[in-house]
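Okay, start.txt is below, compact mmCIF, C-alpha atoms and all ligand atoms:
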```txt
# COMPACT_ATOMS: atom_id res chain seq x y z
CA MET A 1 -26.10 -2.39 -5.27
CA LYS A 2 -24.64 -0.39 -2.40
CA ASP A 3 -23.39 3.16 -2.97
CA LYS A 4 -19.88 3.61 -4.31
CA ILE A 5 -17.28 4.48 -1.73
CA ASN A 6 -14.57 7.12 -2.14
CA ILE A 7 -11.06 5.85 -1.53
CA LEU A 8 -7.74 7.68 -1.24
CA ASN A 9 -4.96 5.30 -2.30
CA LEU A 10 -1.61 6.76 -1.21
CA TYR A 11 1.73 5.53 -2.64
CA GLY A 12 -0.20 3.76 -5.41
CA GLY A 13 2.59 1.90 -7.24
CA VAL A 14 0.94 -0.14 -9.99
CA GLY A 15 -2.02 -0.79 -7.72
CA GLY A 16 -1.48 -4.18 -6.10
CA ASN A 17 -3.71 -3.25 -3.19
CA ARG A 18 -6.20 -1.59 -5.57
CA LYS A 19 -6.60 -4.52 -7.95
CA ASN A 20 -9.52 -6.36 -6.35
CA TRP A 21 -11.44 -3.31 -5.13
CA THR A 22 -14.69 -2.61 -6.93
CA ASN A 23 -17.74 -0.32 -6.67
CA CYS A 24 -15.51 2.59 -5.63
CA ASN A 25 -14.11 5.93 -6.81
CA VAL A 26 -10.37 5.94 -6.26
CA VAL A 27 -7.94 8.83 -6.03
CA CYS A 28 -4.37 7.53 -6.31
CA VAL A 29 -1.17 9.40 -5.43
CA GLU A 30 2.16 8.20 -6.82
CA ASN A 31 5.21 10.42 -7.24
CA ASP A 32 7.00 8.49 -9.99
CA PRO A 33 5.54 9.56 -13.36
CA GLN A 34 6.47 6.30 -15.11
CA ILE A 35 4.83 4.17 -12.43
CA ALA A 36 1.81 6.49 -12.36
CA ALA A 37 1.46 6.02 -16.14
CA VAL A 38 1.31 2.24 -15.70
CA TYR A 39 -1.27 2.65 -12.93
CA ARG A 40 -3.38 4.85 -15.22
CA ASP A 41 -3.30 2.18 -17.95
CA ILE A 42 -4.45 -0.49 -15.52
CA PHE A 43 -7.08 1.64 -13.75
CA PRO A 44 -8.25 4.21 -16.33
CA ASP A 45 -11.24 5.28 -14.22
CA ASP A 46 -9.14 6.26 -11.20
CA THR A 47 -7.93 9.81 -10.67
CA VAL A 48 -4.14 9.81 -10.42
CA PHE A 49 -2.02 12.61 -8.98
CA VAL A 50 1.73 12.58 -9.51
CA CYS A 51 2.97 14.26 -6.36
CA ASP A 52 4.10 13.70 -2.79
CA ALA A 53 1.60 11.44 -1.00
CA HIS A 54 2.69 12.57 2.47
CA GLN A 55 1.85 16.21 1.71
CA PHE A 56 -1.29 15.20 -0.19
CA LEU A 57 -2.64 13.43 2.89
CA LEU A 58 -2.05 16.52 5.01
CA ASN A 59 -3.98 18.69 2.54
CA ASN A 60 -6.74 16.20 1.69
CA LEU A 61 -7.75 14.40 4.84
CA ASP A 62 -11.49 14.85 4.35
CA GLY A 63 -13.84 13.74 1.61
CA PHE A 64 -13.01 10.04 1.62
CA ASP A 65 -14.71 6.99 3.09
CA PHE A 66 -11.45 5.10 3.28
CA ILE A 67 -7.74 5.93 3.15
CA TRP A 68 -5.11 3.35 2.30
CA SER A 69 -1.42 4.23 2.65
CA SER A 70 1.58 2.11 1.62
CA PRO A 71 4.63 4.28 2.40
CA PRO A 72 7.97 2.98 1.09
CA CYS A 73 9.24 0.16 3.26
CA VAL A 74 12.90 -0.02 2.30
CA SER A 75 14.25 1.99 5.25
CA HIS A 76 12.38 -0.24 7.72
CA SER A 77 13.09 -3.61 6.15
CA ARG A 78 15.22 -6.41 7.49
CA ALA A 79 16.78 -6.86 4.06
CA LYS A 80 18.02 -3.25 4.06
CA ARG A 81 19.45 -3.63 7.54
CA LEU A 82 21.37 -6.73 6.40
CA ASN A 83 22.69 -4.88 3.35
CA ILE A 84 23.86 -2.01 5.54
CA ALA A 85 25.43 -4.37 8.09
CA THR A 86 27.32 -6.20 5.33
CA LYS A 87 28.34 -2.90 3.70
CA GLN A 88 26.42 -3.64 0.52
CA SER A 89 24.58 -0.37 0.91
CA ASN A 90 25.12 2.93 2.70
CA PRO A 91 23.40 3.49 6.04
CA ILE A 92 20.06 5.28 5.97
CA TYR A 93 17.72 6.51 8.69
CA PRO A 94 14.42 4.68 9.12
CA ASP A 95 11.88 7.00 7.51
CA MET A 96 9.68 8.39 10.28
CA LYS A 97 7.02 9.54 7.82
CA LEU A 98 5.51 6.09 8.35
CA TYR A 99 4.85 6.92 12.01
CA GLU A 100 3.81 10.47 11.19
CA GLU A 101 1.05 9.08 9.00
CA ILE A 102 -0.02 6.44 11.53
CA LEU A 103 -0.35 9.07 14.29
CA PHE A 104 -1.89 11.67 12.00
CA LEU A 105 -4.57 9.25 10.81
CA LYS A 106 -5.18 7.85 14.27
CA TYR A 107 -5.90 11.25 15.78
CA PHE A 108 -7.36 13.21 12.85
CA ALA A 109 -8.97 10.84 10.34
CA ARG A 110 -12.75 10.89 10.32
CA CYS A 111 -12.96 7.90 8.00
CA SER A 112 -11.66 4.33 8.03
CA TYR A 113 -8.00 3.92 7.24
CA VAL A 114 -5.25 1.33 6.85
CA VAL A 115 -1.51 2.00 6.77
CA GLU A 116 0.69 -0.89 5.72
CA ASN A 117 4.38 -1.64 5.83
CA VAL A 118 6.79 -4.54 6.16
CA ARG A 119 7.71 -6.17 9.44
CA PRO A 120 10.53 -3.83 10.54
CA TYR A 121 14.01 -4.83 11.69
CA TYR A 122 13.46 -3.03 15.02
CA LYS A 123 10.77 -3.32 17.68
CA CYS A 124 7.83 -1.52 16.16
CA LEU A 125 7.48 2.01 17.56
CA ILE A 126 3.68 1.74 17.38
CA GLU A 127 2.13 -1.70 17.71
CA PRO A 128 0.31 -2.75 14.54
CA SER A 129 -3.43 -3.39 14.64
CA PHE A 130 -2.94 -6.67 12.79
CA ILE A 131 -0.34 -8.63 10.87
CA ILE A 132 -0.74 -10.67 7.69
CA GLY A 133 2.29 -12.59 6.50
CA ARG A 134 5.29 -10.26 6.58
CA HIS A 135 3.10 -7.15 6.48
CA PHE A 136 2.11 -4.94 9.40
CA PHE A 137 -1.13 -2.93 9.29
CA TRP A 138 -2.31 0.02 11.40
CA SER A 139 -6.04 0.74 11.27
CA ASN A 140 -8.88 2.34 13.21
CA LYS A 141 -11.31 -0.35 12.08
CA LEU A 142 -9.70 -3.75 12.22
CA LEU A 143 -8.01 -5.69 14.96
CA LEU A 144 -7.45 -9.05 13.37
CA SER A 145 -5.26 -11.96 14.21
CA ILE A 146 -5.06 -13.44 10.76
CA ASN A 147 -1.80 -14.81 9.53
CA ALA A 148 -3.22 -17.72 7.62
CA GLU A 149 -3.14 -16.11 4.19
CA ALA A 150 0.60 -15.66 4.10
CA ASP A 151 1.27 -18.81 2.09
CA ASN A 152 -1.38 -18.10 -0.51
CA ILE A 153 -0.07 -14.59 -0.90
CA LYS A 154 3.40 -15.91 -1.60
CA ASP A 155 2.04 -18.36 -4.18
CA ASP A 156 0.07 -15.63 -5.86
CA LYS A 157 3.15 -13.54 -6.35
CA LYS A 158 5.32 -16.40 -7.53
CA ILE A 159 2.87 -17.96 -9.93
CA ASN A 160 1.13 -15.07 -11.64
CA LYS A 161 2.73 -11.88 -10.31
CA HIS A 162 -0.57 -10.93 -8.70
CA GLY A 163 -2.27 -11.18 -12.08
CA PHE A 164 -0.46 -8.11 -13.45
CA ASP A 165 1.07 -8.29 -16.90
CA LEU A 166 3.75 -5.62 -17.24
CA SER A 167 5.53 -7.35 -20.13
CA GLY A 168 4.65 -4.58 -22.59
CA TYR A 169 6.41 -1.86 -20.59
CA LYS A 170 10.00 -0.79 -21.18
CA GLY A 171 12.35 1.28 -19.05
CA ILE A 172 10.81 0.41 -15.70
CA ASP A 173 12.09 -1.97 -13.05
CA LYS A 174 9.35 -4.61 -13.32
CA ARG A 175 10.83 -6.87 -10.66
CA LYS A 176 10.71 -3.99 -8.19
CA LEU A 177 7.14 -3.11 -9.15
CA TYR A 178 5.99 -6.69 -8.64
CA ARG A 179 7.92 -6.88 -5.38
CA ASN A 180 6.38 -3.61 -4.16
CA CYS A 181 2.84 -4.81 -4.80
CA THR A 182 0.63 -5.49 -1.86
CA SER A 183 -1.27 -8.70 -2.42
CA PRO A 184 -4.63 -7.89 -4.08
CA LYS A 185 -6.12 -10.74 -2.07
CA THR A 186 -4.99 -9.27 1.22
CA ALA A 187 -6.14 -5.73 0.41
CA GLY A 188 -9.44 -7.07 -0.93
CA TYR A 189 -9.94 -9.08 2.19
CA ILE A 190 -9.31 -6.02 4.35
CA LEU A 191 -11.73 -3.84 2.36
CA SER A 192 -14.43 -6.52 2.54
CA LYS A 193 -14.02 -6.74 6.31
CA ILE A 194 -14.54 -2.98 6.67
CA PHE A 195 -17.20 -2.28 4.01
CA GLY A 196 -18.60 -5.66 2.92
CA ASP A 197 -18.14 -8.17 0.09
CA GLU A 198 -19.86 -5.85 -2.42
CA TYR A 199 -16.64 -3.86 -2.65
CA VAL A 200 -14.36 -6.71 -3.67
CA ALA A 201 -14.17 -8.38 -7.09
C1 LIG B 301 5.46 0.13 -1.37
S1 LIG B 301 5.17 0.82 -2.94
C2 LIG B 301 3.42 0.82 -3.00
C3 LIG B 301 2.85 -0.36 -3.67
C4 LIG B 301 1.38 -0.30 -3.92
N1 LIG B 301 0.62 -0.08 -2.72
C5 LIG B 301 0.94 -1.61 -4.57
O1 LIG B 301 0.32 -2.43 -3.91
O2 LIG B 301 1.26 -1.79 -5.75
C6 LIG B 301 5.47 2.51 -2.68
C7 LIG B 301 5.20 3.40 -3.90
O3 LIG B 301 5.23 4.74 -3.48
C8 LIG B 301 5.93 5.54 -4.41
N2 LIG B 301 6.44 6.67 -3.63
C9 LIG B 301 7.58 6.76 -2.91
N3 LIG B 301 7.65 7.93 -2.26
C10 LIG B 301 6.51 8.61 -2.57
C11 LIG B 301 5.98 9.87 -2.21
N4 LIG B 301 6.65 10.68 -1.37
N5 LIG B 301 4.79 10.24 -2.72
C12 LIG B 301 4.11 9.44 -3.56
N6 LIG B 301 4.55 8.22 -3.94
C13 LIG B 301 5.74 7.81 -3.46
C14 LIG B 301 6.97 4.63 -5.01
O4 LIG B 301 7.32 5.05 -6.31
C15 LIG B 301 6.24 3.28 -5.00
O5 LIG B 301 5.58 3.07 -6.24
```
As structure tokens:
Amino acid sequence: MKDKINILNLYGGVGGNRKNWTNCNVVCVENDPQIAAVYRDIFPDDTVFVCDAHQFLLNNLDGFDFIWSSPPCVSHSRAKRLNIATKQSNPIYPDMKLYEEILFLKYFARCSYVVENVRPYYKCLIEPSFIIGRHFFWSNKLLLSINAEADNIKDDKKINKHGFDLSGYKGIDKRKLYRNCTSPKTAGYILSKIFGDEYVA
């Protein structure tokens, strides 16, 4: 068995990206206490901090073998742009913290990293390293041209909600949590490409 790797999982949600990772110590950062509580139930061995992931990254860049970041995508998404254009929601600025993290990690990270977000409604300010389905990824390790998994990912979500059962939880927006999830398959695939199959269930 290979040594465990230390992973920083920023903007953890309920851990869609985390689900298929194994043989690792994970520190998760999620600022919504209710969502963090669900994450803790699902991954009791992970360390979970309820605080701002953007600031946490700045203060905790070292000590990890891998950093994964999933900053909120709403302000970059095509759906939001349509809602704003049709006056169904108020205008908002695209959140530049996404690009702050991409540049920060690119120039200062000493470990492997992946930042993920949706395909934006504008021409991407920094070209992604690879694209899978409707998700863009920025990384110092992988330059892939893999789009083939998109259909499977969709099926996964539709059929079994990524294998998560949130039916027992009350007072949380389950549809949003499922929608926010990164496909476990995709994130597992990415980790296996960087560290090997031993790190994916
Ligand atoms: C796109 S979702 C992440 C989904 C997660 N990677 C998954 O696969 O399940 C973004 C998450 O970040 C949380 N969040 C938003 N702003 C945050 C912040 N400043 N610090 C920490 N978490 C934040 C949201 O509550 C949400 O759960």
- [ ] Give the residue list for ligand LIG 301 (chain B) at 9 Å, counting all atoms listed in the file, as a ChimeraX atom specification, sorted by chain and then by residue number.
- [x] /A:9-19,29-36,39,49-56,68-74,116-118,176-184,187
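Atom CA of A:Val200 is positioned 4.7 Å from atom CA of A:Trp21.
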Taken to one decimal, the atom CA of A:Val38-atom CA of A:Phe164 distance is 10.7 Å
Item to complete: Around the point (6.8, 1.0, -16.4), in the coordinates given by the file, pick out the residues reaching within 8 Å, counting only C-alpha atoms, and return them as a list in words.
Response: Gln34, Ile35, Ala37, Val38, Leu166, Tyr169, Lys170, Gly171, Ile172, Asp173 and Lys174 of chain A
Check your understanding: Got a sec: who's within 12 Å of A:Met96, counting all atoms listed in the file, leaving out chain neighbours fewer than 4 positions off, as a PyMOL selection string?
Key -> chain A and resi 54+71-73+75-76+92+100-103+124-126
Same residues, C-alpha atoms, output as a CSV table (one decimal), in the coordinates of the input:
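What ended up in out-v7.csv:
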```csv
chain,number,residue,atom,x,y,z
A,54,HIS,CA,2.7,12.6,2.5
A,71,PRO,CA,4.6,4.3,2.4
A,72,PRO,CA,8.0,3.0,1.1
A,73,CYS,CA,9.2,0.2,3.3
A,75,SER,CA,14.2,2.0,5.2
A,76,HIS,CA,12.4,-0.2,7.7
A,92,ILE,CA,20.1,5.3,6.0
A,100,GLU,CA,3.8,10.5,11.2
A,101,GLU,CA,1.0,9.1,9.0
A,102,ILE,CA,0.0,6.4,11.5
A,103,LEU,CA,-0.4,9.1,14.3
A,124,CYS,CA,7.8,-1.5,16.2
A,125,LEU,CA,7.5,2.0,17.6
A,126,ILE,CA,3.7,1.7,17.4
```
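A straight line drawn from atom CA of A:Gln88 to atom CA of A:Phe137 is 28.9 Å long.
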Measuring between all atoms listed in the file, which one of A:Ser139, A:Pro128, A:Asn23, A:Phe64 shows the shortest distance to A:Met1?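 The answer is A:Asn23, which sits nearest to A:Met1.
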I need the residue nearest A:Leu191 from this list: A:Tyr122, A:Lys106, A:Leu142, A:Asn60. Use all atoms listed in the file for the distance.
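Ranking A:Tyr122, A:Lys106, A:Leu142, A:Asn60 by distance to A:Leu191, first place goes to A:Leu142.
Take the candidates A:Lys141, A:Lys161, A:Lys80, A:Lys185 and check each one against A:Cys111 using all atoms listed in the file; the shortest distance goes to A:Lys141.
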**Item:** Pick from A:Ser192, A:Asn25, A:Asn20, A:Thr186 nearest to A:Ile131, counting all atoms listed in the file
**Value:**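 When distances to A:Ile131 are compared using all atoms listed in the file, the smallest one comes from A:Thr186.
Residue nearest A:Arg78 within the list A:Gly168, A:Pro44, A:Pro120, A:Gly163: A:Pro120 [criterion: smallest interatomic distance, all atoms listed in the file].
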Q. Residues at most 8 Å from A:Thr47, counting all atoms listed in the file, excluding those fewer than 4 positions away in the same chain, as a PyMOL selection string?
A. chain A and resi 26-28
Exercise for review: Would you kindly return, as a list in words, each protein, DNA or RNA residue with an atom no farther than 6 Å from any atom of A:Trp138, considering all atoms listed in the file and excluding same-chain residues fewer than 6 positions away?
Suggested key: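 Residues near the query, excluding close chain neighbours: Val114, Val115, Pro128 and Ser129 of chain A.
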Select stretch 105-116 of chain A in the preceding structure and write N, CA and C atoms to a file as a CSV table (one decimal), in the first residue's frame.
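Everything below was put into result.csv:
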```
chain,number,residue,atom,x,y,z
A,105,LEU,N,-2.2,29.8,-7.1
A,105,LEU,CA,-1.7,28.4,-7.1
A,105,LEU,C,-0.7,28.2,-8.1
A,106,LYS,N,-0.9,28.8,-9.3
A,106,LYS,CA,0.0,28.6,-10.4
A,106,LYS,C,1.4,29.1,-10.0
A,107,TYR,N,1.5,30.2,-9.3
A,107,TYR,CA,2.8,30.8,-9.0
A,107,TYR,C,3.4,30.4,-7.7
A,108,PHE,N,2.5,30.0,-6.7
A,108,PHE,CA,3.0,29.7,-5.4
A,108,PHE,C,2.9,28.3,-4.8
A,109,ALA,N,2.0,27.5,-5.5
A,109,ALA,CA,1.8,26.2,-4.9
A,109,ALA,C,3.1,25.3,-5.2
A,110,ARG,N,3.4,24.6,-4.1
A,110,ARG,CA,4.6,23.6,-4.3
A,110,ARG,C,4.1,22.2,-4.4
A,111,CYS,N,2.7,22.0,-4.5
A,111,CYS,CA,2.2,20.7,-4.6
A,111,CYS,C,1.3,20.7,-5.9
A,112,SER,N,0.7,19.5,-6.2
A,112,SER,CA,-0.2,19.4,-7.3
A,112,SER,C,-1.5,20.1,-6.9
A,113,TYR,N,-2.2,20.7,-7.9
A,113,TYR,CA,-3.5,21.3,-7.6
A,113,TYR,C,-4.4,21.2,-8.8
A,114,VAL,N,-5.7,21.3,-8.5
A,114,VAL,CA,-6.7,21.4,-9.5
A,114,VAL,C,-7.8,22.5,-9.0
A,115,VAL,N,-8.1,23.4,-9.9
A,115,VAL,CA,-9.2,24.3,-9.6
A,115,VAL,C,-10.3,24.0,-10.6
A,116,GLU,N,-11.5,23.9,-10.2
A,116,GLU,CA,-12.6,23.6,-11.2
A,116,GLU,C,-13.7,24.6,-11.1
```
